[in-house]
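Enquirer: Shown below is the structure under consideration.
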Amino acid sequence: MLRRYRRDRDAGPEAATMAHVAALGFPAPAVHSVSGPDLVMERLDGPTLGAAVSANGHDATDAGRVLADLHTRLHALPARSGNPDESVLHLDLHPENVVLTARGPVLIDWTNATDGPADLDVAFSAVILAQVAVDPAHPYAGVAAPILAAFLPAAGGQPLRMLERAVARRAADPTMSAGELELLGAAAARVTALAR
């Protein structure tokens, strides 16, 4: 499958992170080649975790645990930086970026991946889920709430120490609409209430 970045962004860093985690046994798509903005990788068959929960009756609590397990497994890997105090971070780990394949859940879209504190990655996923959960107009609001409620305790760590940073990072995303930005305060409050 070919993924092409817009605006001539180099796909090399994303490919390098995917290759790094896959070599260590983490479920990420195999990278076949990379050239400038073009990334050729393994094609995955299966629904996203989000689609499975919303349309196919997949248990939302189990989905939250799947997300937490992927975080735990990812953060156990050595950071590419070599810094023992850092972990590999995905920074976009949510149900639409998990494909349920015959070999199990596979994490896609490594565009934002970097190294850093694991709690930031957990907090960022929680904010994404909470934004959906607090939006009554969102079609996935009803499933996002129980996914988030299961995810936070299963993910562990201390995500609240990174919540402000996660909210700021989310607010800086240029793809966010004005309505999505307005939900960040309520989303942070939901994460705080659940994580305490």
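We label chains A, B, ... in the order they appear in the structure tokens, count residues from 1 in each chain, and number ligands from 1 in the order shown.
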Show me, as an mmCIF file with C-alpha atoms, in the first residue's frame, the residues that have an atom within 8 Å of A:Phe124 when counting only C-alpha atoms, minus same-chain residues fewer than 3 positions from it.
Expert:
data_model
loop_
_atom_site.group_PDB
_atom_site.id
_atom_site.type_symbol
_atom_site.label_atom_id
_atom_site.label_comp_id
_atom_site.auth_asym_id
_atom_site.auth_seq_id
_atom_site.Cartn_x
_atom_site.Cartn_y
_atom_site.Cartn_z
ATOM 1 C CA LEU A 91 0.857 10.196 19.878
ATOM 2 C CA ASP A 92 -2.255 9.248 17.913
ATOM 3 C CA LEU A 120 2.263 11.844 27.587
ATOM 4 C CA ASP A 121 1.207 9.165 25.103
ATOM 5 C CA VAL A 127 -7.820 13.401 25.494
ATOM 6 C CA ILE A 128 -8.729 12.146 22.004
ATOM 7 C CA LEU A 163 -2.522 16.153 30.778
ATOM 8 C CA ALA A 166 -1.359 16.669 25.957
ATOM 9 C CA VAL A 167 -4.186 19.230 25.756
ATOM 10 C CA ARG A 170 -3.992 18.632 20.750
#
Enquirer: Skipping near chain neighbours, those fewer than 2 positions away, what residues fall within 10 Å of stretch 108-111 of chain A using only C-alpha atoms, listed as number ranges by chain?
Expert: A: 3, 5, 11, 13-18, 27-29, 44, 48, 89-94, 96-99, 105-106, 113-114
Enquirer: Store the residues picked out above in a file with N, CA, C and O atoms, as a compact mmCIF listing (two decimals), in the first residue's frame.
Expert:
# COMPACT_ATOMS: atom_id res chain seq x y z
N ARG A 3 1.44 5.18 0.82
CA ARG A 3 0.97 6.35 1.55
C ARG A 3 1.85 7.51 1.11
O ARG A 3 3.08 7.43 1.18
N TYR A 5 2.70 11.54 1.58
CA TYR A 5 2.53 12.76 2.35
C TYR A 5 2.21 13.93 1.43
O TYR A 5 2.71 14.00 0.32
N ALA A 11 8.80 11.01 4.49
CA ALA A 11 8.21 9.87 5.20
C ALA A 11 9.26 9.04 5.92
O ALA A 11 8.92 8.09 6.62
N PRO A 13 11.27 9.50 8.65
CA PRO A 13 11.18 9.31 10.10
C PRO A 13 10.06 8.35 10.52
O PRO A 13 10.25 7.54 11.43
N GLU A 14 8.90 8.46 9.87
CA GLU A 14 7.80 7.54 10.20
C GLU A 14 8.20 6.11 9.86
O GLU A 14 7.98 5.19 10.67
N ALA A 15 8.79 5.90 8.69
CA ALA A 15 9.21 4.56 8.28
C ALA A 15 10.24 4.00 9.24
O ALA A 15 10.20 2.81 9.60
N ALA A 16 11.18 4.83 9.70
CA ALA A 16 12.22 4.38 10.61
C ALA A 16 11.63 3.93 11.94
O ALA A 16 12.05 2.91 12.51
N THR A 17 10.65 4.68 12.44
CA THR A 17 10.02 4.30 13.71
C THR A 17 9.25 3.00 13.55
O THR A 17 9.33 2.11 14.41
N MET A 18 8.49 2.85 12.45
CA MET A 18 7.75 1.62 12.23
C MET A 18 8.69 0.42 12.13
O MET A 18 8.42 -0.65 12.69
N PRO A 27 3.30 -4.89 16.92
CA PRO A 27 2.44 -5.00 15.73
C PRO A 27 2.25 -3.69 14.98
O PRO A 27 1.34 -2.91 15.25
N ALA A 28 3.14 -3.43 14.04
CA ALA A 28 3.07 -2.28 13.14
C ALA A 28 3.18 -2.80 11.72
O ALA A 28 3.76 -3.87 11.49
N PRO A 29 2.64 -2.08 10.72
CA PRO A 29 2.77 -2.54 9.33
C PRO A 29 4.23 -2.63 8.91
O PRO A 29 5.05 -1.80 9.29
N LEU A 44 -3.10 -4.02 5.19
CA LEU A 44 -3.76 -4.75 6.28
C LEU A 44 -5.22 -4.99 5.96
O LEU A 44 -5.90 -4.12 5.43
N THR A 48 -11.21 -1.31 11.49
CA THR A 48 -10.56 -0.61 12.59
C THR A 48 -11.26 -1.01 13.88
O THR A 48 -12.42 -1.47 13.87
N LEU A 89 6.81 6.85 21.60
CA LEU A 89 5.44 7.38 21.71
C LEU A 89 4.79 7.37 20.33
O LEU A 89 5.43 7.75 19.35
N HIS A 90 3.54 6.99 20.27
CA HIS A 90 2.79 7.02 19.01
C HIS A 90 2.13 8.38 18.81
O HIS A 90 2.13 8.94 17.72
N LEU A 91 1.52 8.88 19.85
CA LEU A 91 0.86 10.20 19.88
C LEU A 91 -0.31 10.33 18.91
O LEU A 91 -0.60 11.42 18.42
N ASP A 92 -0.98 9.24 18.64
CA ASP A 92 -2.25 9.25 17.91
C ASP A 92 -2.91 7.88 18.04
O ASP A 92 -3.57 7.41 17.12
N LEU A 93 -2.72 7.25 19.19
CA LEU A 93 -3.22 5.88 19.40
C LEU A 93 -4.67 5.95 19.85
O LEU A 93 -4.96 6.26 21.00
N HIS A 94 -5.57 5.68 18.92
CA HIS A 94 -7.00 5.69 19.20
C HIS A 94 -7.66 4.61 18.34
O HIS A 94 -6.99 3.99 17.49
N GLU A 96 -9.49 4.34 15.73
CA GLU A 96 -9.45 4.37 14.26
C GLU A 96 -8.05 4.11 13.71
O GLU A 96 -7.89 3.94 12.49
N ASN A 97 -7.05 4.08 14.57
CA ASN A 97 -5.69 3.77 14.14
C ASN A 97 -5.24 2.37 14.55
O ASN A 97 -4.05 2.06 14.53
N VAL A 98 -6.20 1.54 14.93
CA VAL A 98 -5.92 0.14 15.25
C VAL A 98 -6.74 -0.72 14.29
O VAL A 98 -7.97 -0.62 14.26
N VAL A 99 -6.05 -1.53 13.51
CA VAL A 99 -6.72 -2.43 12.56
C VAL A 99 -6.73 -3.83 13.14
O VAL A 99 -5.68 -4.34 13.57
N PRO A 105 -4.47 -7.08 16.72
CA PRO A 105 -4.51 -5.64 16.49
C PRO A 105 -3.16 -5.12 15.99
O PRO A 105 -2.12 -5.48 16.52
N VAL A 106 -3.22 -4.26 14.95
CA VAL A 106 -2.00 -3.66 14.39
C VAL A 106 -2.18 -2.15 14.43
O VAL A 106 -3.22 -1.62 14.01
N ALA A 113 4.86 9.93 15.67
CA ALA A 113 5.70 9.17 16.59
C ALA A 113 7.00 9.89 16.92
O ALA A 113 7.61 10.55 16.08
N THR A 114 7.41 9.74 18.18
CA THR A 114 8.64 10.34 18.67
C THR A 114 9.05 9.59 19.93
O THR A 114 8.43 8.59 20.30
Enquirer: Between A:Ser54, A:Val134, A:His20, A:Arg196, which has the minimum distance to A:Ser81 (counting only C-alpha atoms)?
Expert: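 Under the stated criterion, the closest residue is A:His20.
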Enquirer: Out of stretch 70-181 of chain A, which residues get strand (DSSP E) from DSSP, as a list in words?
Expert: Ser87, Val88, Leu89, Val98, Val99, Leu100, Thr101, Gly104, Pro105, Val106, Leu107, Thr114, Asp115 and Gly116 of chain A
Enquirer: For the interface of stretch 22-137 of chain A with stretch 149-157 of chain A (cut-off 8 Å, counting only C-alpha atoms), please tabulate each contacting residue of stretch 22-137 of chain A alongside its nearest pair of atoms and their separation in Å to one decimal, rows sorted by chain and increasing number, as CSV.
Expert:
residue,atom,partner,partner_atom,distance
A:Thr61,CA,A:Ala150,CA,5.3
A:Asp62,CA,A:Ala150,CA,7.6
A:Ala63,CA,A:Phe151,CA,7.9
A:Gly64,CA,A:Phe151,CA,4.1
A:Arg65,CA,A:Phe151,CA,5.5
A:Leu67,CA,A:Phe151,CA,6.6
A:Ala68,CA,A:Ala155,CA,4.4
A:Asp69,CA,A:Ala155,CA,7.0
A:His71,CA,A:Ala155,CA,6.9
A:Thr72,CA,A:Ala155,CA,6.7
A:Ala118,CA,A:Gly157,CA,8.0
A:Asp119,CA,A:Gly157,CA,6.2
A:Val122,CA,A:Ala155,CA,7.0
A:Ala126,CA,A:Leu152,CA,7.1
